[in-house]
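*Asks:* Have a look at this one before I ask anything.
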Amino acid sequence: MPNASGTKDKATAGDPIPPKCSVIEVHVGELKQLFNAIDPSPFRDKDLDPKAEEFIVGCAKSCPVTQRLLW
C-alpha cells in the first residue's frame with residue numbers, strides 16, 4: 001500500500017504507523033526471549049530482559065529527533 005510519500009509501506013501486524021515515526025524492529029525466536037526469565041510476575045506484567053531493554057533504548061536514542069516515538 002503506498003504511503004503519503006508515494007512509496008510502498010512494509011506490511012505490519014499491528015496498528016498503522018503514523019507519519020514521521022521511527023520503527024524499531026525486534027526479531028526473536030520466541031516471545032519469552034524479550035522478558036526477564038527471573039521475574040516471577042504474570043506474563044503481562046513481566047519486566048523486559050535487560051539486554052532487550054538496552055537494545056530498544058539504544059535504537060530509540062539513535063532515531064532522528066524529528067521522528068516521534070510511540071509506545
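Labeling convention for the C-alpha cells: chains A, B, ... as they appear, residues from 1 per chain, ligands from 1 in order of appearance.
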How would you write, as a ChimeraX atom specification, the set of residues in chain A that DSSP gives as alpha helix (DSSP H)?

*Replies:* /A:50-62

*Asks:* Within 12 Å of stretch 42-52 of chain A, counting only C-alpha atoms, which residues qualify if same-chain residues fewer than 2 places away don't, as a list of chain:residue names?

*Replies:*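 The residues satisfying every condition are A:Ile24, A:Glu25, A:Val26, A:His27, A:Val28, A:Leu31, A:Lys32, A:Gln33, A:Leu34, A:Phe35, A:Asn36, A:Ala37, A:Ile38, A:Asp39, A:Pro40, A:Glu54, A:Phe55, A:Ile56, A:Val57, A:Gly58, A:Cys59.
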
*Asks:* Taking C-alpha atoms for each residue, export the selection above as a tab-separated table (two decimals), in the first residue's frame.

*Replies:*
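Output file part_20.tsv follows:
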```
chain	number	residue	atom	x	y	z
A	24	ILE	CA	12.32	-0.33	15.85
A	25	GLU	CA	12.23	-3.93	14.67
A	26	VAL	CA	12.92	-6.64	17.23
A	27	HIS	CA	13.19	-10.21	15.94
A	28	VAL	CA	13.11	-13.11	18.39
A	31	LEU	CA	8.28	-14.07	22.61
A	32	LYS	CA	9.62	-15.15	26.01
A	33	GLN	CA	13.10	-14.05	24.87
A	34	LEU	CA	12.01	-10.44	25.37
A	35	PHE	CA	11.23	-10.88	29.06
A	36	ASN	CA	13.31	-11.27	32.20
A	37	ALA	CA	13.34	-15.00	32.99
A	38	ILE	CA	13.77	-14.46	36.75
A	39	ASP	CA	10.78	-12.10	37.06
A	40	PRO	CA	8.03	-14.14	38.79
A	54	GLU	CA	19.24	-1.99	26.27
A	55	PHE	CA	18.77	-2.78	22.57
A	56	ILE	CA	15.39	-0.99	22.33
A	57	VAL	CA	16.55	2.08	24.26
A	58	GLY	CA	19.75	2.25	22.19
A	59	CYS	CA	17.74	2.15	18.97
```

*Asks:* Hey, which of A:Cys21, A:Gly14, A:Gly29, A:Ser41 ends up closest to A:Leu69? Count only C-alpha atoms.

*Replies:*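 Using only C-alpha atoms, the shortest distance to A:Leu69 belongs to A:Cys21.
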
*Asks:* Rounded to one decimal place, report the atom CA of A:Asp15-atom CA of A:Leu70 distance in Å.

*Replies:* 11.1 Å

*Asks:* As a list in words, list the residues of chain A assigned to strand (DSSP E or B) by DSSP on the backbone atoms of this structure.

*Replies:* Pro2, Lys8, Cys21, Phe35, Leu48 and Arg68 of chain A

*Asks:* Take the residues that were just selected and, keeping N, CA and C atoms, output them as a PDB file, in the first residue's frame.

*Replies:*
```pdb
ATOM      1  N   PRO A   2       0.685   2.183  -0.934  1.00  0.00           N
ATOM      2  CA  PRO A   2       1.515   3.391  -0.971  1.00  0.00           C
ATOM      3  C   PRO A   2       1.224   4.297   0.219  1.00  0.00           C
ATOM      4  N   LYS A   8       5.969   2.380  -1.152  1.00  0.00           N
ATOM      5  CA  LYS A   8       5.190   1.282  -0.583  1.00  0.00           C
ATOM      6  C   LYS A   8       5.636   0.994   0.851  1.00  0.00           C
ATOM      7  N   CYS A  21       7.243   8.754  12.091  1.00  0.00           N
ATOM      8  CA  CYS A  21       7.555   7.889  13.230  1.00  0.00           C
ATOM      9  C   CYS A  21       8.653   6.919  12.827  1.00  0.00           C
ATOM     10  N   PHE A  35      11.544 -11.139  27.665  1.00  0.00           N
ATOM     11  CA  PHE A  35      11.230 -10.876  29.060  1.00  0.00           C
ATOM     12  C   PHE A  35      12.249 -11.479  30.012  1.00  0.00           C
ATOM     13  N   LEU A  48      11.034  -6.325  30.940  1.00  0.00           N
ATOM     14  CA  LEU A  48      11.822  -6.711  29.776  1.00  0.00           C
ATOM     15  C   LEU A  48      13.164  -7.282  30.224  1.00  0.00           C
ATOM     16  N   ARG A  68       8.944  10.805  15.800  1.00  0.00           N
ATOM     17  CA  ARG A  68       8.252  10.544  17.064  1.00  0.00           C
ATOM     18  C   ARG A  68       8.467   9.100  17.485  1.00  0.00           C
TER      19      ARG A  68
END
```

*Asks:* Do a neighbour search on A:Val23 at 9 Å with only C-alpha atoms, toss out local chain neighbours closer than 5 positions, and write the hits as a ChimeraX atom specification.

*Replies:* /A:17,60,63,69

*Asks:* Go ahead and write the selection's residues with N, CA and C atoms as a JSON list (two decimals), in the first residue's frame.

*Replies:*
```json
[["chain", "number", "residue", "atom", "x", "y", "z"],
["A", 17, "ILE", "N", 1.20, 2.75, 11.30],
["A", 17, "ILE", "CA", 2.29, 3.59, 11.80],
["A", 17, "ILE", "C", 2.08, 5.00, 11.27],
["A", 60, "ALA", "N", 16.17, 3.60, 20.12],
["A", 60, "ALA", "CA", 15.36, 4.81, 20.27],
["A", 60, "ALA", "C", 16.24, 6.06, 20.36],
["A", 63, "CYS", "N", 17.39, 7.28, 16.94],
["A", 63, "CYS", "CA", 16.38, 7.78, 15.99],
["A", 63, "CYS", "C", 16.55, 9.29, 15.83],
["A", 69, "LEU", "N", 8.40, 8.86, 18.79],
["A", 69, "LEU", "CA", 8.42, 7.51, 19.33],
["A", 69, "LEU", "C", 7.05, 7.24, 19.93]]
```
